[in-house]
>>> print(open('data.pdb').read())   # PDB, C-alpha atoms
ATOM      1  CA  MET A  12       0.000   0.000   0.000
ATOM      2  CA  THR A  13       1.206   3.466  -0.830
ATOM      3  CA  VAL A  14       1.934   5.632   2.130
ATOM      4  CA  ALA A  15       1.153   9.260   2.439
ATOM      5  CA  ASP A  16       3.542  10.103   5.212
ATOM      6  CA  LEU A  17       2.179  13.469   6.091
ATOM      7  CA  SER A  18       3.824  15.618   8.677
ATOM      8  CA  LEU A  19       3.453  19.073  10.038
ATOM      9  CA  VAL A  20       5.338  21.393  12.349
ATOM     10  CA  VAL A  21       3.919  23.804  14.910
ATOM     11  CA  ARG A  22       6.127  26.165  16.944
ATOM     12  CA  ARG A  23       5.487  28.292  19.992
ATOM     13  CA  ARG A  24       7.654  30.439  22.246
ATOM     14  CA  ILE A  25       6.770  30.227  25.895
ATOM     15  CA  LYS A  26       8.096  32.350  28.744
ATOM     16  CA  ALA A  27       9.227  29.468  30.922
ATOM     17  CA  SER A  28      12.411  27.439  31.167
ATOM     18  CA  PRO A  29      12.793  24.247  29.113
ATOM     19  CA  SER A  30      12.700  22.204  32.312
ATOM     20  CA  ARG A  31       9.350  23.713  33.348
ATOM     21  CA  VAL A  32       7.865  23.182  29.912
ATOM     22  CA  PHE A  33       9.204  19.632  29.775
ATOM     23  CA  ALA A  34       7.746  18.945  33.211
ATOM     24  CA  ALA A  35       4.361  20.339  32.176
ATOM     25  CA  TRP A  36       4.426  18.120  29.098
ATOM     26  CA  THR A  37       5.227  14.952  31.016
ATOM     27  CA  SER A  38       3.590  15.324  34.422
ATOM     28  CA  PRO A  39       0.110  13.759  34.728
ATOM     29  CA  GLU A  40      -0.914  16.390  37.289
ATOM     30  CA  ALA A  41       0.059  19.230  34.958
ATOM     31  CA  LEU A  42      -1.512  17.533  31.944
ATOM     32  CA  LYS A  43      -4.829  17.346  33.757
ATOM     33  CA  VAL A  44      -4.708  21.118  34.105
ATOM     34  CA  TRP A  45      -3.554  22.281  30.685
ATOM     35  CA  TRP A  46      -4.096  19.449  28.174
ATOM     36  CA  GLY A  47      -6.890  19.747  25.672
ATOM     37  CA  PRO A  48      -7.882  22.236  23.039
ATOM     38  CA  GLN A  49     -10.904  24.474  23.607
ATOM     39  CA  GLY A  50     -13.815  22.522  25.023
ATOM     40  CA  VAL A  51     -11.796  19.391  25.771
ATOM     41  CA  ARG A  52     -11.026  18.428  29.374
ATOM     42  CA  CYS A  53      -8.366  16.043  30.581
ATOM     43  CA  PRO A  54      -9.840  14.126  33.522
ATOM     44  CA  ASP A  55      -7.115  11.484  33.654
ATOM     45  CA  ALA A  56      -3.505  11.030  32.536
ATOM     46  CA  HIS A  57      -0.824   8.405  33.019
ATOM     47  CA  VAL A  58       2.806   8.825  32.035
ATOM     48  CA  ASP A  59       5.543   6.218  32.357
ATOM     49  CA  LEU A  60       8.436   8.438  31.307
ATOM     50  CA  THR A  61      10.871   5.718  30.256
ATOM     51  CA  VAL A  62      11.879   4.573  26.792
ATOM     52  CA  GLY A  63       9.338   1.887  25.946
ATOM     53  CA  GLY A  64       7.019   3.244  28.629
ATOM     54  CA  GLN A  65       3.427   4.122  27.895
ATOM     55  CA  TYR A  66       1.412   7.313  28.272
ATOM     56  CA  ARG A  67      -2.364   7.592  28.196
ATOM     57  CA  ILE A  68      -4.243  10.868  28.160
ATOM     58  CA  ALA A  69      -8.009  11.058  28.569
ATOM     59  CA  ASN A  70      -9.837  13.626  26.472
ATOM     60  CA  GLU A  71     -13.359  14.460  27.536
ATOM     61  CA  LEU A  72     -15.104  15.993  24.568
ATOM     62  CA  PRO A  73     -17.802  18.665  24.883
ATOM     63  CA  ASP A  74     -20.515  16.035  24.297
ATOM     64  CA  GLY A  75     -19.155  13.957  27.181
ATOM     65  CA  ARG A  76     -17.491  11.272  25.083
ATOM     66  CA  LEU A  77     -14.162  10.085  26.442
ATOM     67  CA  LEU A  78     -11.379   9.598  23.960
ATOM     68  CA  TRP A  79      -7.925   8.306  24.825
ATOM     69  CA  ILE A  80      -4.708   9.375  23.215
ATOM     70  CA  GLU A  81      -1.934   6.956  23.976
ATOM     71  CA  GLY A  82       1.443   5.789  22.832
ATOM     72  CA  ILE A  83       4.932   4.623  23.694
ATOM     73  CA  PHE A  84       7.986   6.764  24.375
ATOM     74  CA  GLU A  85      10.634   6.088  21.752
ATOM     75  CA  GLU A  86      13.204   8.660  22.845
ATOM     76  CA  ILE A  87      13.535  10.817  25.939
ATOM     77  CA  VAL A  88      16.124  13.557  26.375
ATOM     78  CA  PRO A  89      15.121  15.351  29.607
ATOM     79  CA  ASP A  90      14.301  19.050  29.100
ATOM     80  CA  GLU A  91      15.212  18.770  25.398
ATOM     81  CA  LYS A  92      13.297  16.277  23.344
ATOM     82  CA  LEU A  93      10.552  13.650  23.359
ATOM     83  CA  VAL A  94       9.620  11.170  20.663
ATOM     84  CA  TYR A  95       6.490   9.084  21.076
ATOM     85  CA  SER A  96       3.904   7.210  19.114
ATOM     86  CA  TRP A  97       0.406   8.666  18.965
ATOM     87  CA  VAL A  98      -2.781   6.690  18.705
ATOM     88  CA  SER A  99      -6.174   8.249  19.175
ATOM     89  CA  SER A 100      -8.855   5.785  20.191
ATOM     90  CA  ASP A 101     -11.459   7.097  17.777
ATOM     91  CA  GLN A 102     -10.363   6.366  14.265
ATOM     92  CA  GLN A 103      -6.727   6.111  13.405
ATOM     93  CA  PRO A 104      -5.651   3.195  11.232
ATOM     94  CA  ALA A 105      -2.010   3.182  12.393
ATOM     95  CA  PRO A 106       0.138   4.896  15.002
ATOM     96  CA  GLU A 107       1.316   8.351  14.179
ATOM     97  CA  ARG A 108       4.388   9.884  15.747
ATOM     98  CA  VAL A 109       4.972  13.072  17.680
ATOM     99  CA  ILE A 110       8.376  14.654  18.226
ATOM    100  CA  VAL A 111       8.589  17.558  20.660
ATOM    101  CA  HIS A 112      11.675  19.747  20.916
ATOM    102  CA  PHE A 113      12.133  22.043  23.933
ATOM    103  CA  LYS A 114      14.659  24.559  22.663
ATOM    104  CA  PRO A 115      16.137  27.168  24.996
ATOM    105  CA  VAL A 116      15.687  30.704  23.637
ATOM    106  CA  SER A 117      16.301  34.106  25.222
ATOM    107  CA  GLU A 118      12.724  34.544  26.475
ATOM    108  CA  GLY A 119      12.351  30.968  27.659
ATOM    109  CA  THR A 120      11.579  27.973  25.488
ATOM    110  CA  GLU A 121      10.615  27.370  21.926
ATOM    111  CA  VAL A 122       8.373  24.315  21.723
ATOM    112  CA  ILE A 123       8.502  22.646  18.329
ATOM    113  CA  VAL A 124       5.939  19.920  17.720
ATOM    114  CA  VAL A 125       6.453  17.676  14.719
ATOM    115  CA  HIS A 126       3.485  15.421  14.043
ATOM    116  CA  GLU A 127       4.425  12.684  11.590
ATOM    117  CA  ARG A 128       2.776   9.832   9.750
ATOM    118  CA  ILE A 129      -0.589  11.511   9.814
ATOM    119  CA  GLY A 130      -3.188   9.247   8.320
ATOM    120  CA  SER A 131      -0.582   6.624   7.600
ATOM    121  CA  GLU A 132      -2.014   3.247   6.754
ATOM    122  CA  ALA A 133       1.361   1.600   6.509
ATOM    123  CA  ALA A 134       3.393  -0.411   8.978
ATOM    124  CA  VAL A 135       5.244   1.645  11.546
ATOM    125  CA  GLU A 136       8.579   0.646  10.023
ATOM    126  CA  ASP A 137       7.716   2.038   6.632
ATOM    127  CA  HIS A 138       9.720   5.186   5.984
ATOM    128  CA  THR A 139       9.561   5.070   2.234
ATOM    129  CA  ALA A 140       7.307   7.917   1.333
ATOM    130  CA  GLY A 141       9.412  10.951   2.152
ATOM    131  CA  TRP A 142       6.578  13.382   2.042
ATOM    132  CA  GLU A 143       8.101  15.756   4.567
ATOM    133  CA  GLY A 144       5.960  18.785   4.565
ATOM    134  CA  CYS A 145       5.277  18.779   0.859
ATOM    135  CA  LEU A 146       2.169  20.822   1.385
ATOM    136  CA  ASP A 147       4.234  23.493   3.081
ATOM    137  CA  GLY A 148       6.505  23.491   0.075
ATOM    138  CA  LEU A 149       3.579  23.754  -2.265
ATOM    139  CA  GLU A 150       2.201  26.516  -0.128
ATOM    140  CA  GLN A 151       5.427  28.428  -0.606
ATOM    141  CA  LEU A 152       4.985  28.010  -4.327
ATOM    142  CA  GLY A 153       1.755  29.923  -3.894
ATOM    143  CA  LEU A 154      -0.526  27.018  -4.723
ATOM    144  CA  ILE A 155      -2.462  27.084  -1.517
ATOM    145  CA  GLY A 156      -3.816  30.123   0.176
ATOM    146  CA  HIS A 157      -4.542  30.081   3.866
ATOM    147  CA  ALA A 158      -7.600  31.637   5.368
TER     148      ALA A 158
ATOM    149  CA  MET B   3     -11.071  25.128  15.327
ATOM    150  CA  MET B   4     -11.189  21.565  16.417
ATOM    151  CA  THR B   5     -13.409  21.569  19.409
ATOM    152  CA  ASP B   6     -15.407  18.406  19.097
ATOM    153  CA  GLN B   7     -12.914  15.845  17.933
ATOM    154  CA  ILE B   8      -9.269  15.024  18.183
ATOM    155  CA  ALA B   9      -8.513  13.815  14.707
ATOM    156  CA  PRO B  10      -9.911  15.218  11.525
ATOM    157  CA  SER B  11     -12.498  13.073   9.925
ATOM    158  CA  GLN B  12     -15.454  12.790   7.670
ATOM    159  CA  THR B  13     -16.025  16.432   6.867
ATOM    160  CA  LEU B  14     -13.961  15.952   3.744
ATOM    161  CA  ASN B  15     -14.327  13.085   1.336
ATOM    162  CA  ASP B  16     -11.935  10.441   2.669
ATOM    163  CA  ASP B  17     -11.684   8.524  -0.585
ATOM    164  CA  GLN B  18     -10.791  11.678  -2.441
ATOM    165  CA  LEU B  19      -8.174  12.570   0.174
ATOM    166  CA  ASP B  20      -6.672   9.081  -0.069
ATOM    167  CA  LEU B  21      -6.218   9.607  -3.789
ATOM    168  CA  VAL B  22      -4.656  13.021  -3.257
ATOM    169  CA  PHE B  23      -2.253  11.886  -0.555
ATOM    170  CA  LYS B  24      -1.222   8.831  -2.526
ATOM    171  CA  ALA B  25      -0.666  10.961  -5.603
ATOM    172  CA  LEU B  26       1.458  13.356  -3.573
ATOM    173  CA  SER B  27       3.504  10.648  -1.877
ATOM    174  CA  ASP B  28       5.713  10.289  -4.950
ATOM    175  CA  ARG B  29       8.652  12.616  -5.591
ATOM    176  CA  THR B  30       8.272  12.611  -9.355
ATOM    177  CA  ARG B  31       4.622  13.563  -9.139
ATOM    178  CA  ARG B  32       5.448  16.387  -6.733
ATOM    179  CA  LYS B  33       7.960  17.680  -9.284
ATOM    180  CA  LEU B  34       5.310  17.494 -11.971
ATOM    181  CA  LEU B  35       2.933  19.520  -9.818
ATOM    182  CA  ALA B  36       5.612  22.090  -9.049
ATOM    183  CA  GLU B  37       6.241  22.365 -12.777
ATOM    184  CA  LEU B  38       2.546  22.834 -13.493
ATOM    185  CA  ALA B  39       2.373  25.498 -10.810
ATOM    186  CA  GLN B  40       4.442  27.612 -13.196
ATOM    187  CA  GLY B  41       1.829  27.192 -15.895
ATOM    188  CA  ASP B  42       0.146  24.669 -18.142
ATOM    189  CA  ALA B  43       2.446  22.337 -20.029
ATOM    190  CA  SER B  44       2.293  19.549 -22.545
ATOM    191  CA  VAL B  45       3.161  16.006 -21.518
ATOM    192  CA  SER B  46       6.431  16.149 -23.427
ATOM    193  CA  GLU B  47       7.355  19.484 -21.851
ATOM    194  CA  LEU B  48       6.786  17.880 -18.454
ATOM    195  CA  ALA B  49       8.690  14.709 -19.295
ATOM    196  CA  ALA B  50      11.826  16.310 -20.757
ATOM    197  CA  PRO B  51      13.370  17.984 -17.669
ATOM    198  CA  LEU B  52      12.726  14.803 -15.667
ATOM    199  CA  HIS B  53      14.405  12.660 -18.337
ATOM    200  CA  MET B  54      11.329  10.488 -18.528
ATOM    201  CA  SER B  55       9.740   8.681 -21.409
ATOM    202  CA  LEU B  56       6.355   9.951 -22.484
ATOM    203  CA  PRO B  57       4.572   6.769 -21.326
ATOM    204  CA  ALA B  58       6.240   7.015 -17.907
ATOM    205  CA  ALA B  59       5.262  10.660 -17.551
ATOM    206  CA  SER B  60       1.799   9.884 -18.785
ATOM    207  CA  LYS B  61       1.401   7.202 -16.127
ATOM    208  CA  HIS B  62       2.282   9.639 -13.351
ATOM    209  CA  ILE B  63      -0.006  12.257 -14.824
ATOM    210  CA  ARG B  64      -2.838   9.748 -14.840
ATOM    211  CA  VAL B  65      -2.405   9.256 -11.084
ATOM    212  CA  LEU B  66      -2.554  13.019 -10.599
ATOM    213  CA  GLU B  67      -5.564  13.157 -12.856
ATOM    214  CA  ASN B  68      -7.388  10.468 -10.873
ATOM    215  CA  ALA B  69      -6.817  12.540  -7.762
ATOM    216  CA  SER B  70      -8.276  15.590  -9.532
ATOM    217  CA  LEU B  71      -4.948  17.352  -9.125
ATOM    218  CA  VAL B  72      -4.384  17.706 -12.843
ATOM    219  CA  LYS B  73      -6.683  18.201 -15.780
ATOM    220  CA  ARG B  74      -5.608  17.000 -19.203
ATOM    221  CA  THR B  75      -6.932  18.539 -22.400
ATOM    222  CA  LYS B  76      -6.171  17.677 -25.985
ATOM    223  CA  SER B  77      -5.333  20.272 -28.585
ATOM    224  CA  GLY B  78      -4.799  18.568 -31.900
ATOM    225  CA  ARG B  79      -2.233  15.854 -31.269
ATOM    226  CA  VAL B  80      -0.813  17.520 -28.168
ATOM    227  CA  GLN B  81      -2.037  16.859 -24.661
ATOM    228  CA  TYR B  82      -1.853  19.758 -22.255
ATOM    229  CA  CYS B  83      -1.921  19.483 -18.492
ATOM    230  CA  ALA B  84      -3.206  22.053 -16.045
ATOM    231  CA  LEU B  85      -3.010  22.124 -12.280
ATOM    232  CA  GLN B  86      -6.260  21.825 -10.352
ATOM    233  CA  ALA B  87      -5.474  23.479  -7.063
ATOM    234  CA  GLU B  88      -8.845  22.736  -5.407
ATOM    235  CA  ALA B  89      -7.865  19.177  -4.538
ATOM    236  CA  LEU B  90      -4.673  20.449  -2.929
ATOM    237  CA  ALA B  91      -6.640  22.942  -0.910
ATOM    238  CA  ASP B  92      -8.798  20.087   0.417
ATOM    239  CA  ALA B  93      -5.721  18.168   1.506
ATOM    240  CA  ASP B  94      -4.321  21.264   3.129
ATOM    241  CA  ALA B  95      -7.584  21.920   4.953
ATOM    242  CA  TRP B  96      -7.393  18.400   6.337
ATOM    243  CA  LEU B  97      -3.887  18.988   7.662
ATOM    244  CA  ASN B  98      -5.057  22.284   9.095
ATOM    245  CA  HIS B  99      -7.259  20.377  11.525
ATOM    246  CA  TYR B 100      -4.041  19.125  13.087
ATOM    247  CA  ARG B 101      -2.370  22.533  12.952
ATOM    248  CA  ALA B 102      -5.349  24.029  14.736
ATOM    249  CA  TYR B 103      -5.319  21.200  17.240
ATOM    250  CA  TRP B 104      -1.673  21.702  18.199
ATOM    251  CA  ASN B 105      -1.998  25.466  18.211
ATOM    252  CA  ASP B 106      -4.886  25.126  20.650
ATOM    253  CA  GLN B 107      -2.843  22.779  22.817
ATOM    254  CA  LEU B 108       0.077  25.185  22.863
ATOM    255  CA  ASP B 109      -2.290  28.048  23.738
ATOM    256  CA  THR B 110      -3.409  26.257  26.869
ATOM    257  CA  LEU B 111       0.132  25.177  27.750
ATOM    258  CA  GLN B 112       1.351  28.741  27.340
ATOM    259  CA  HIS B 113      -1.475  30.057  29.485
ATOM    260  CA  PHE B 114      -0.769  27.417  32.126
ATOM    261  CA  LEU B 115       2.952  28.189  32.312
ATOM    262  CA  GLU B 116       2.880  31.956  31.885
ATOM    263  CA  SER B 117       0.042  32.675  34.278
ATOM    264  CA  ASP B 118       2.068  31.175  37.122
ATOM    265  CA  PRO B 119       5.683  32.178  36.528
ATOM    266  CA  SER B 120       7.158  30.207  39.397
TER     267      SER B 120
END
>>> encode(input="data.pdb", output="structure tokens")
Amino acid sequence: MTVADLSLVVRRRIKASPSRVFAAWTSPEALKVWWGPQGVRCPDAHVDLTVGGQYRIANELPDGRLLWIEGIFEEIVPDEKLVYSWVSSDQQPAPERVIVHFKPVSEGTEVIVVHERIGSEAAVEDHTAGWEGCLDGLEQLGLIGHA
Amino acid sequence: MMTDQIAPSQTLNDDQLDLVFKALSDRTRRKLLAELAQGDASVSELAAPLHMSLPAASKHIRVLENASLVKRTKSGRVQYCALQAEALADADAWLNHYRAYWNDQLDTLQHFLESDPS
């Protein structure tokens, strides 16, 4: 099966040290406070912060449905970098992958989230597609306008 | 904004998106699209810079055509290709669900960390 190995990058500068941001990202108590986009609550979170360890984050949707995001830590560099698989219990065909960089900058930390293998139907080992932000590239060519 | 679901889903035609993403997952086809972004071109004009045979180029173009990324028209004996950007916009909108999702997450993280600067 052909793979569309989609990825995207989101960056944010936060006025807090990399160690505080890293702690917020990996502490169940902190996750319960901040995790979730608008309207989504996080009533429960478990984090086994070891390579091969599992995390599970509960997402209570506005209609009350509970959806779990879970995965396995593939790489952990304290205060610097996390790599983990990402499976959402609602519909994904195969694990995606999230890489988070916590980069020290003058005002605090730049958080860089790379979300890979979006919508991938292929085996986890399959790296063949090499899509790598093609849409961003096409966007730069002026093909896609953003609202 | 993604407020009611975590992953993007059925708002866009999944089968159509599959075709688009599969079409885009090939380097040669991405080059063809980039070429067409500069303007319409004949199949042979597209094939030449990629050192491809016409049948090989035509095969790739057919994949792009099936995904509604390219429209082929015939003028005499020459086939011309034109980019159809709407399909790309759909794919981009789909990815934007994720962008919005992570931006929302980072909003709340930022608020959490910056409202209590301990």
>>> resolve_selection(input="data.pdb", expression="the PyMOL selection byres ((chain B and resi 46) around 10)", output="number ranges by chain")
B: 43-45, 47-51, 54-57, 59-60, 80-82
>>> write_last_selection(input="data.pdb", atoms="C-alpha atoms", output="mmCIF file, keeping the file's coordinate frame")
data_model
loop_
_atom_site.group_PDB
_atom_site.id
_atom_site.type_symbol
_atom_site.label_atom_id
_atom_site.label_comp_id
_atom_site.auth_asym_id
_atom_site.auth_seq_id
_atom_site.Cartn_x
_atom_site.Cartn_y
_atom_site.Cartn_z
ATOM 1 C CA ALA B 43 2.446 22.337 -20.029
ATOM 2 C CA SER B 44 2.293 19.549 -22.545
ATOM 3 C CA VAL B 45 3.161 16.006 -21.518
ATOM 4 C CA GLU B 47 7.355 19.484 -21.851
ATOM 5 C CA LEU B 48 6.786 17.880 -18.454
ATOM 6 C CA ALA B 49 8.690 14.709 -19.295
ATOM 7 C CA ALA B 50 11.826 16.310 -20.757
ATOM 8 C CA PRO B 51 13.370 17.984 -17.669
ATOM 9 C CA MET B 54 11.329 10.488 -18.528
ATOM 10 C CA SER B 55 9.740 8.681 -21.409
ATOM 11 C CA LEU B 56 6.355 9.951 -22.484
ATOM 12 C CA PRO B 57 4.572 6.769 -21.326
ATOM 13 C CA ALA B 59 5.262 10.660 -17.551
ATOM 14 C CA SER B 60 1.799 9.884 -18.785
ATOM 15 C CA VAL B 80 -0.813 17.520 -28.168
ATOM 16 C CA GLN B 81 -2.037 16.859 -24.661
ATOM 17 C CA TYR B 82 -1.853 19.758 -22.255
#
>>> closest_residue(input="data.pdb", among="A:Gly47, A:Gly75, A:Pro54, A:Pro39", to="chain B", atoms="all atoms listed in the file")
A:Gly47
>>> residues_around(input="data.pdb", residues="Gln65 in chain A", least_positions_apart="6", cutoff="9 Å", atoms="all atoms listed in the file", output="list in words")
His57, Val58, Asp59, Glu81, Gly82, Ile83, Phe84 and Tyr95 of chain A
>>> resolve_selection(input="data.pdb", expression="the PyMOL selection byres ((chain B and resi 62-69) around 7)", output="count of residues only")
13
>>> resolve_selection(input="data.pdb", expression="the PyMOL selection byres ((chain A and resi 113-115) around 8)", output="count of residues only")
16
>>> residues_around(input="data.pdb", residues="range 42-44 of chain A", least_positions_apart="4", cutoff="9 Å", atoms="only C-alpha atoms", output="MDAnalysis selection string")
(chainID A and resid 35:38 52:56 68:69) or (chainID B and resid 110:111 114)
>>> atom_distance(input="data.pdb", atom1="CA of Arg79 in chain B", atom2="CA of Ala39 in chain B")
23.1 Å
>>> closest_residue(input="data.pdb", among="A:Asp101, A:Glu86, A:Glu118, A:Glu40", to="chain B", atoms="only C-alpha atoms")
A:Asp101
>>> atom_distance(input="data.pdb", atom1="CA of Val94 in chain A", atom2="CA of Trp104 in chain B")
15.6 Å
>>> closest_residue(input="data.pdb", among="B:Ser77, B:Leu34, B:Ala89, B:Phe23", to="chain A", atoms="only C-alpha atoms")
B:Phe23
>>> atom_distance(input="data.pdb", atom1="CA of Arg128 in chain A", atom2="CA of Ile80 in chain A")
15.4 Å
>>> closest_residue(input="data.pdb", among="A:Ser100, A:Thr61, A:Leu72, A:Ser30", to="chain B", atoms="all atoms listed in the file")
A:Leu72
